[in-house]
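I have placed the structure first, in the form of structure tokens, so that the comments after it can refer back to it.
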Amino acid sequence: MNRKTLVLPAVVGLLAPVLAACGSTDSGAGGKGAIVVGTTDQLVASKENPAPLDPAIGYEAGVWNVLRQTVQTLTTVPNGGGEPVPEAARSCTFTDTANESYRCTLRAGLTFADGAPVTAEDVKHSIQRVIDIDADSGPVGLLANIDMIETKGDDQVIFHLNTPDATFPYKLATPAAGIVPKAQYPAKEGRAGFQVNGSGPYTMKPQVEDGRVVKIAFDRNPSYKGELKVLNDQVEMDLFPDAEAMGKALDDEKIHLMTRAMSPQQARDMLVEPKEGIELTELPGLAISYVGFNTKDPVVNKSVRQAMAQIVDRGEIAGKVYGTTAEPLYSLIPSSIAGHTNAFFNKYGEPSTAKAAAILRDAGIKTPVKFTLHYTSDHYGPATAEEFKTIQQQLNRSGLFDVSVQGEEWSKYRPEQKRGDYAAYGMGWFPDFPDPDNYTAPFLDENNFLNSPYRSREAQRVLIPESRRETDRTAVAATYEKLQDIVATDVPVLPIWQGKQYVASRDRIAGVERSVSATSELQLWELNRPNV
């Protein structure tokens, strides 16, 4: 049975929220005091990373949740999806048919929050420093295709690209391309500390204890000029050590919303037995979970990876561990993104120990295959440990594997993973923008996010460049089908599930259904207290 999924050509129509309880209608801002939002994101400065909130350094969902509120980008993706529109710019366009030259003109009178004008030189400096700093785990890969940045006058910036890239407007909409004042951000190194200065919808003031942010006060920026409509005057972000502490704060009315990352159990409990005065809002999600491999490690050679793909039962993992908050994923590209196919199901079908045994036998591999499956214990939420324990049980139950699991804190885990210390490891991906390119190139290109040694000449030299030449993103479905088939055959990564998002909120707050994008980024400007 072929389960290739036919998807609409854009995600716009897929972003309708589902409410577990009836909520207030959005009738404008009102009330007094800050709207308080809880999160389990952790913002920590260390000797290894003294500048966690610098746009040239930070490349995590929690960091971007702060940068989205405080720095502007030239373009922005509309809430609900679609093609990018101007934000700090008043216009942006490709100036050639090859999609290799992109020109933006800034809005008139644009200033940073301190009143200093935003100029084309600030834009050039902001983006060039990302490339020059080239942070080890930073977002430089999004901008690596820039050959040269040119300015004309105070308001025009022209980006000359090394190769055609129709997705470039999406990349300029990410915090990696956030505009910061040249006078305050060094050209060749990160800006230490937690303060962020920009021209975005809010100014911010962090509260720091022992090198860790515990609260951030966001105040409406009176100087802001842009596409976004800010519906409140102040939002406070409270950072909690875990979902349990965040949930208790919501119950005790110390916060108005809890967002990233509610536990699956919390969502299940609220769905089964709603709490008085609290609404649970279901939002579409584009996050995925997968197992990555050091493809140079002989223990996890291609045949071993294929055998794992033949055994792993995604339905059991999603149902047992995540319930309604996740669904099985059979490709790197989730089902709600144009171009998705169920490539892994098409190749391997239902889980089968017999087929896995045949793969290993034909390759002459002695069983059981023994290795450690690593995961991060503190980065993706409280259910991660159970997820990887379930994968371990599935593999070992087959008799073909002898897998142990080991969790590490993210601060240690990510450097070791990138260094190639792990044969197999669990990771998650929150997309930078909703396009199939962002689910393929970051994993398959030469300078990939995982620092994986895997190489596919067809993917890197032919298919990825080919896909980026096409402005009409619906016209590259066949290219992405080939890329997904390559992943299913070589298994450099093994997709596990794609997630839904839930936000729990007090019923006095409106705009919740628009406060988190499909790419898991907070949009605090959408929150407000309706007039009663």
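Here's how to read the names in the structure tokens: chain A, B, ... by the order shown, residue numbers from 1 in each chain, ligand numbers from 1 in the order shown.
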Would you mind listing what lies within 9 Å of A:Ala477 as an mmCIF file with N, CA and C atoms, in the first residue's frame, with only C-alpha atoms counted and same-chain residues fewer than 3 positions away left out?
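See selection22.cif below for the written result:
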```cif
data_model
loop_
_atom_site.group_PDB
_atom_site.id
_atom_site.type_symbol
_atom_site.label_atom_id
_atom_site.label_comp_id
_atom_site.auth_asym_id
_atom_site.auth_seq_id
_atom_site.Cartn_x
_atom_site.Cartn_y
_atom_site.Cartn_z
ATOM 1 N N ALA A 338 3.867 21.298 2.008
ATOM 2 C CA ALA A 338 3.777 20.896 0.604
ATOM 3 C C ALA A 338 4.990 20.070 0.201
ATOM 4 N N GLY A 339 4.761 19.004 -0.552
ATOM 5 C CA GLY A 339 5.844 18.154 -1.018
ATOM 6 C C GLY A 339 6.065 16.911 -0.183
ATOM 7 N N HIS A 340 5.343 16.789 0.934
ATOM 8 C CA HIS A 340 5.519 15.617 1.806
ATOM 9 C C HIS A 340 5.117 14.320 1.111
ATOM 10 N N SER A 467 15.927 22.649 -6.419
ATOM 11 C CA SER A 467 14.710 23.049 -5.715
ATOM 12 C C SER A 467 14.704 24.535 -5.401
ATOM 13 N N ARG A 473 6.889 27.448 -5.231
ATOM 14 C CA ARG A 473 7.303 26.344 -4.380
ATOM 15 C C ARG A 473 6.461 25.088 -4.593
ATOM 16 N N THR A 474 5.298 25.251 -5.212
ATOM 17 C CA THR A 474 4.477 24.075 -5.495
ATOM 18 C C THR A 474 5.000 23.302 -6.693
ATOM 19 N N TYR A 480 11.454 17.193 -4.302
ATOM 20 C CA TYR A 480 11.422 16.820 -2.885
ATOM 21 C C TYR A 480 11.035 15.354 -2.691
ATOM 22 N N GLU A 481 10.268 14.799 -3.603
ATOM 23 C CA GLU A 481 9.978 13.366 -3.533
ATOM 24 C C GLU A 481 11.270 12.561 -3.668
ATOM 25 N N LYS A 482 12.140 12.970 -4.588
ATOM 26 C CA LYS A 482 13.418 12.283 -4.753
ATOM 27 C C LYS A 482 14.291 12.426 -3.509
#
```
Residues within 6 Å of stretch 116-130 of chain A, only C-alpha atoms, excluding chain neighbours under 3 positions, as a PyMOL selection string: chain A and resi 56+110-112+133+140+154-157+177+179-182+187
Shell of 7 Å around A:Ile57, only C-alpha atoms, local chain residues under 5 positions omitted, as an NGL selection string: :A and (51-52 or 135 or 138-139 or 190)
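Residue nearest A:Glu350 within the list A:Glu227, A:Glu316, A:Asp233, A:Asp378: A:Glu316 [criterion: smallest interatomic distance, only C-alpha atoms].
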Option closest in space to A:Gly426, from A:Leu142, A:Ala343, A:Leu231, A:Leu373 [counting only C-alpha atoms]: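 Result for the nearest residue to A:Gly426: A:Leu373.
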Please build the interface table for stretch 61-129 of chain A against stretch 431-454 of chain A with a cut-off of 9 Å, listing for each qualifying residue the nearest atom pair and the distance in Å to one decimal; count only C-alpha atoms, order rows by chain and increasing number, and write it as a Markdown table.
```
| residue | atom | partner | partner_atom | distance |
| --- | --- | --- | --- | --- |
| A:Val77 | CA | A:Phe433 | CA | 8.1 |
| A:Gly81 | CA | A:Pro434 | CA | 7.5 |
| A:Gly82 | CA | A:Pro434 | CA | 8.5 |
```
Run DSSP on the backbone of this structure and report the residues of stretch 238-394 of chain A it assigns to helix (DSSP H, G or I), as a CSV table (one decimal) with N, CA, C and O atoms, in the first residue's frame.
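Ended up saving to selection.csv:
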```
chain,number,residue,atom,x,y,z
A,243,ALA,N,7.8,21.5,33.4
A,243,ALA,CA,6.4,21.7,33.0
A,243,ALA,C,5.5,21.7,34.3
A,243,ALA,O,4.5,22.3,34.4
A,244,GLU,N,5.9,20.9,35.2
A,244,GLU,CA,5.1,20.7,36.5
A,244,GLU,C,5.1,22.1,37.2
A,244,GLU,O,4.0,22.5,37.7
A,245,ALA,N,6.2,22.7,37.4
A,245,ALA,CA,6.3,24.0,38.0
A,245,ALA,C,5.5,25.1,37.3
A,245,ALA,O,4.8,25.9,37.9
A,246,MET,N,5.5,25.0,36.0
A,246,MET,CA,4.8,25.9,35.1
A,246,MET,C,3.3,25.7,35.3
A,246,MET,O,2.5,26.7,35.4
A,247,GLY,N,2.9,24.5,35.3
A,247,GLY,CA,1.5,24.2,35.5
A,247,GLY,C,0.9,24.6,36.8
A,247,GLY,O,-0.2,25.1,36.9
A,248,LYS,N,1.7,24.4,37.9
A,248,LYS,CA,1.3,24.9,39.2
A,248,LYS,C,1.1,26.4,39.2
A,248,LYS,O,0.2,27.0,39.8
A,249,ALA,N,2.0,27.1,38.5
A,249,ALA,CA,1.9,28.6,38.5
A,249,ALA,C,0.6,29.0,37.8
A,249,ALA,O,0.0,30.0,38.1
A,250,LEU,N,0.2,28.3,36.7
A,250,LEU,CA,-1.1,28.6,36.0
A,250,LEU,C,-2.2,28.3,37.0
A,250,LEU,O,-3.2,29.1,37.1
A,251,ASP,N,-2.2,27.2,37.7
A,251,ASP,CA,-3.3,26.9,38.6
A,251,ASP,C,-3.4,27.9,39.7
A,251,ASP,O,-4.5,28.3,40.1
A,264,PRO,N,3.0,16.1,27.6
A,264,PRO,CA,1.8,15.4,27.0
A,264,PRO,C,0.8,15.0,28.1
A,264,PRO,O,-0.4,15.0,27.8
A,265,GLN,N,1.2,14.7,29.3
A,265,GLN,CA,0.3,14.3,30.3
A,265,GLN,C,-0.6,15.5,30.7
A,265,GLN,O,-1.8,15.4,30.9
A,266,GLN,N,0.0,16.7,30.8
A,266,GLN,CA,-0.8,17.9,31.1
A,266,GLN,C,-1.8,18.1,30.0
A,266,GLN,O,-3.0,18.4,30.4
A,267,ALA,N,-1.5,18.0,28.8
A,267,ALA,CA,-2.4,18.2,27.7
A,267,ALA,C,-3.6,17.1,27.8
A,267,ALA,O,-4.7,17.5,27.6
A,268,ARG,N,-3.2,15.9,28.0
A,268,ARG,CA,-4.2,14.8,28.1
A,268,ARG,C,-5.1,15.1,29.2
A,268,ARG,O,-6.4,14.9,29.1
A,269,ASP,N,-4.6,15.5,30.4
A,269,ASP,CA,-5.5,15.7,31.5
A,269,ASP,C,-6.5,16.8,31.3
A,269,ASP,O,-7.6,16.7,31.7
A,270,MET,N,-6.0,17.9,30.6
A,270,MET,CA,-6.9,19.0,30.4
A,270,MET,C,-7.9,18.7,29.3
A,270,MET,O,-9.0,19.2,29.3
A,271,LEU,N,-7.6,17.8,28.4
A,271,LEU,CA,-8.5,17.4,27.4
A,271,LEU,C,-9.6,16.5,28.0
A,271,LEU,O,-10.8,16.7,27.6
A,272,VAL,N,-9.2,15.6,28.9
A,272,VAL,CA,-10.2,14.7,29.5
A,272,VAL,C,-11.0,15.4,30.6
A,272,VAL,O,-12.3,15.2,30.6
A,298,PRO,N,31.0,2.5,12.0
A,298,PRO,CA,30.7,1.2,11.4
A,298,PRO,C,29.6,0.4,12.1
A,298,PRO,O,28.9,-0.4,11.6
A,299,VAL,N,29.4,0.7,13.4
A,299,VAL,CA,28.3,0.0,14.2
A,299,VAL,C,27.0,0.3,13.6
A,299,VAL,O,26.1,-0.5,13.6
A,300,VAL,N,26.8,1.6,13.1
A,300,VAL,CA,25.5,1.9,12.6
A,300,VAL,C,25.6,2.2,11.0
A,300,VAL,O,25.3,3.2,10.5
A,302,LYS,N,24.9,1.4,6.9
A,302,LYS,CA,23.6,1.6,6.2
A,302,LYS,C,22.6,0.5,6.5
A,302,LYS,O,21.4,0.7,6.7
A,303,SER,N,23.1,-0.7,6.5
A,303,SER,CA,22.2,-1.9,6.7
A,303,SER,C,21.6,-1.9,8.1
A,303,SER,O,20.4,-2.2,8.3
A,304,VAL,N,22.4,-1.5,9.1
A,304,VAL,CA,21.9,-1.4,10.4
A,304,VAL,C,20.8,-0.3,10.5
A,304,VAL,O,19.8,-0.5,11.2
A,305,ARG,N,21.1,0.8,9.9
A,305,ARG,CA,20.1,1.9,9.9
A,305,ARG,C,18.8,1.5,9.2
A,305,ARG,O,17.7,1.8,9.7
A,306,GLN,N,18.9,0.7,8.1
A,306,GLN,CA,17.7,0.3,7.4
A,306,GLN,C,17.0,-0.7,8.3
A,306,GLN,O,15.7,-0.7,8.3
A,307,ALA,N,17.7,-1.6,9.0
A,307,ALA,CA,17.0,-2.5,9.9
A,307,ALA,C,16.3,-1.8,11.0
A,307,ALA,O,15.2,-2.2,11.4
A,308,MET,N,16.9,-0.8,11.5
A,308,MET,CA,16.2,0.0,12.6
A,308,MET,C,14.9,0.7,12.0
A,308,MET,O,13.9,0.6,12.6
A,309,ALA,N,15.0,1.2,10.8
A,309,ALA,CA,13.8,1.8,10.1
A,309,ALA,C,12.7,0.7,9.9
A,309,ALA,O,11.6,1.1,9.9
A,310,GLN,N,13.2,-0.5,9.7
A,310,GLN,CA,12.2,-1.6,9.5
A,310,GLN,C,11.5,-2.0,10.8
A,310,GLN,O,10.4,-2.5,10.8
A,311,ILE,N,12.1,-1.8,12.0
A,311,ILE,CA,11.6,-2.2,13.2
A,311,ILE,C,10.8,-1.1,14.0
A,311,ILE,O,9.8,-1.4,14.6
A,314,ARG,N,6.4,3.7,14.9
A,314,ARG,CA,6.1,5.1,15.2
A,314,ARG,C,4.8,5.3,15.9
A,314,ARG,O,4.6,6.1,16.7
A,315,GLY,N,3.8,4.4,15.5
A,315,GLY,CA,2.5,4.5,16.0
A,315,GLY,C,2.5,4.3,17.5
A,315,GLY,O,1.8,4.9,18.3
A,316,GLU,N,3.3,3.2,17.9
A,316,GLU,CA,3.3,2.9,19.4
A,316,GLU,C,4.0,4.1,20.1
A,316,GLU,O,3.6,4.4,21.2
A,317,ILE,N,5.0,4.7,19.5
A,317,ILE,CA,5.7,5.8,20.2
A,317,ILE,C,4.8,7.0,20.4
A,317,ILE,O,4.7,7.5,21.5
A,318,ALA,N,4.2,7.3,19.3
A,318,ALA,CA,3.3,8.5,19.4
A,318,ALA,C,2.1,8.3,20.3
A,318,ALA,O,1.8,9.1,21.2
A,319,GLY,N,1.5,7.1,20.2
A,319,GLY,CA,0.3,6.8,21.1
A,319,GLY,C,0.7,6.6,22.5
A,319,GLY,O,0.0,7.1,23.4
A,320,LYS,N,1.7,5.8,22.8
A,320,LYS,CA,2.1,5.5,24.2
A,320,LYS,C,2.7,6.7,24.9
A,320,LYS,O,2.4,6.9,26.1
A,321,VAL,N,3.5,7.4,24.2
A,321,VAL,CA,4.3,8.5,24.9
A,321,VAL,C,3.6,9.8,24.8
A,321,VAL,O,3.6,10.5,25.8
A,322,TYR,N,3.1,10.1,23.6
A,322,TYR,CA,2.6,11.5,23.4
A,322,TYR,C,1.1,11.6,23.3
A,322,TYR,O,0.6,12.7,23.3
A,323,GLY,N,0.4,10.5,23.1
A,323,GLY,CA,-1.0,10.6,23.0
A,323,GLY,C,-1.5,11.5,21.8
A,323,GLY,O,-1.0,11.3,20.7
A,324,THR,N,-2.3,12.4,22.1
A,324,THR,CA,-2.9,13.3,21.1
A,324,THR,C,-1.9,14.4,20.6
A,324,THR,O,-2.2,15.1,19.7
A,325,THR,N,-0.8,14.5,21.3
A,325,THR,CA,0.1,15.6,21.0
A,325,THR,C,1.1,15.3,19.9
A,325,THR,O,1.9,16.2,19.6
A,343,ALA,N,7.7,8.5,2.6
A,343,ALA,CA,8.8,7.8,2.0
A,343,ALA,C,9.2,6.5,2.7
A,343,ALA,O,9.4,5.5,2.2
A,344,PHE,N,9.3,6.7,4.1
A,344,PHE,CA,9.7,5.5,4.9
A,344,PHE,C,8.6,4.4,4.9
A,344,PHE,O,9.0,3.2,4.8
A,345,PHE,N,7.4,4.8,4.9
A,345,PHE,CA,6.3,3.7,4.9
A,345,PHE,C,6.3,3.1,3.5
A,345,PHE,O,6.1,1.9,3.4
A,346,ASN,N,6.5,3.9,2.5
A,346,ASN,CA,6.4,3.3,1.1
A,346,ASN,C,7.6,2.3,1.0
A,346,ASN,O,7.4,1.3,0.2
A,347,LYS,N,8.7,2.5,1.6
A,347,LYS,CA,9.8,1.6,1.5
A,347,LYS,C,9.8,0.4,2.4
A,347,LYS,O,10.1,-0.7,2.0
A,348,TYR,N,9.4,0.7,3.7
A,348,TYR,CA,9.5,-0.4,4.7
A,348,TYR,C,8.2,-1.0,5.1
A,348,TYR,O,8.1,-2.1,5.7
A,353,THR,N,10.1,-7.5,12.2
A,353,THR,CA,11.3,-8.1,12.6
A,353,THR,C,11.9,-9.0,11.6
A,353,THR,O,13.2,-9.1,11.4
A,354,ALA,N,11.1,-9.8,10.9
A,354,ALA,CA,11.6,-10.7,9.9
A,354,ALA,C,12.3,-10.0,8.7
A,354,ALA,O,13.4,-10.4,8.3
A,355,LYS,N,11.7,-8.9,8.3
A,355,LYS,CA,12.4,-8.1,7.2
A,355,LYS,C,13.7,-7.5,7.7
A,355,LYS,O,14.6,-7.4,7.0
A,356,ALA,N,13.7,-7.0,8.9
A,356,ALA,CA,14.9,-6.4,9.5
A,356,ALA,C,16.0,-7.5,9.6
A,356,ALA,O,17.2,-7.2,9.3
A,357,ALA,N,15.6,-8.7,10.0
A,357,ALA,CA,16.6,-9.8,10.1
A,357,ALA,C,17.2,-10.1,8.8
A,357,ALA,O,18.4,-10.4,8.6
A,358,ALA,N,16.3,-10.1,7.7
A,358,ALA,CA,16.8,-10.4,6.4
A,358,ALA,C,17.8,-9.3,5.9
A,358,ALA,O,18.8,-9.6,5.3
A,359,ILE,N,17.6,-8.1,6.2
A,359,ILE,CA,18.5,-7.0,5.9
A,359,ILE,C,19.8,-7.2,6.5
A,359,ILE,O,20.9,-7.1,5.8
A,360,LEU,N,19.9,-7.5,7.8
A,360,LEU,CA,21.1,-7.7,8.5
A,360,LEU,C,21.8,-9.0,8.0
A,360,LEU,O,23.0,-9.0,7.9
A,361,ARG,N,21.0,-10.0,7.8
A,361,ARG,CA,21.6,-11.3,7.3
A,361,ARG,C,22.3,-11.2,5.9
A,361,ARG,O,23.4,-11.6,5.7
A,362,ASP,N,21.6,-10.5,5.0
A,362,ASP,CA,22.1,-10.3,3.7
A,362,ASP,C,23.4,-9.5,3.7
A,362,ASP,O,24.2,-9.6,2.8
A,384,THR,N,10.8,13.0,26.6
A,384,THR,CA,11.9,12.5,25.8
A,384,THR,C,12.5,11.2,26.3
A,384,THR,O,12.8,10.3,25.5
A,385,ALA,N,12.7,11.2,27.6
A,385,ALA,CA,13.3,9.9,28.1
A,385,ALA,C,12.4,8.7,27.8
A,385,ALA,O,12.9,7.7,27.5
A,386,GLU,N,11.1,8.9,28.0
A,386,GLU,CA,10.2,7.8,27.8
A,386,GLU,C,10.2,7.4,26.3
A,386,GLU,O,10.1,6.2,25.9
A,387,GLU,N,10.3,8.4,25.4
A,387,GLU,CA,10.3,8.2,24.0
A,387,GLU,C,11.5,7.2,23.6
A,387,GLU,O,11.3,6.2,22.9
A,388,PHE,N,12.7,7.6,24.1
A,388,PHE,CA,13.8,6.8,23.7
A,388,PHE,C,13.9,5.5,24.5
A,388,PHE,O,14.5,4.5,23.9
A,389,LYS,N,13.3,5.4,25.6
A,389,LYS,CA,13.2,4.1,26.3
A,389,LYS,C,12.3,3.2,25.4
A,389,LYS,O,12.6,2.0,25.3
A,390,THR,N,11.2,3.7,24.8
A,390,THR,CA,10.3,2.9,24.0
A,390,THR,C,11.0,2.5,22.7
A,390,THR,O,10.9,1.3,22.3
A,391,ILE,N,11.8,3.3,22.1
A,391,ILE,CA,12.6,2.9,20.9
A,391,ILE,C,13.6,1.8,21.3
A,391,ILE,O,13.7,0.8,20.6
A,392,GLN,N,14.2,1.9,22.5
A,392,GLN,CA,15.1,0.9,22.9
A,392,GLN,C,14.4,-0.4,23.1
A,392,GLN,O,14.9,-1.5,22.6
A,393,GLN,N,13.2,-0.4,23.7
A,393,GLN,CA,12.5,-1.6,23.9
A,393,GLN,C,12.1,-2.3,22.6
A,393,GLN,O,12.1,-3.5,22.5
A,394,GLN,N,11.7,-1.5,21.6
A,394,GLN,CA,11.3,-2.0,20.3
A,394,GLN,C,12.4,-2.7,19.7
A,394,GLN,O,12.3,-3.8,19.1
```
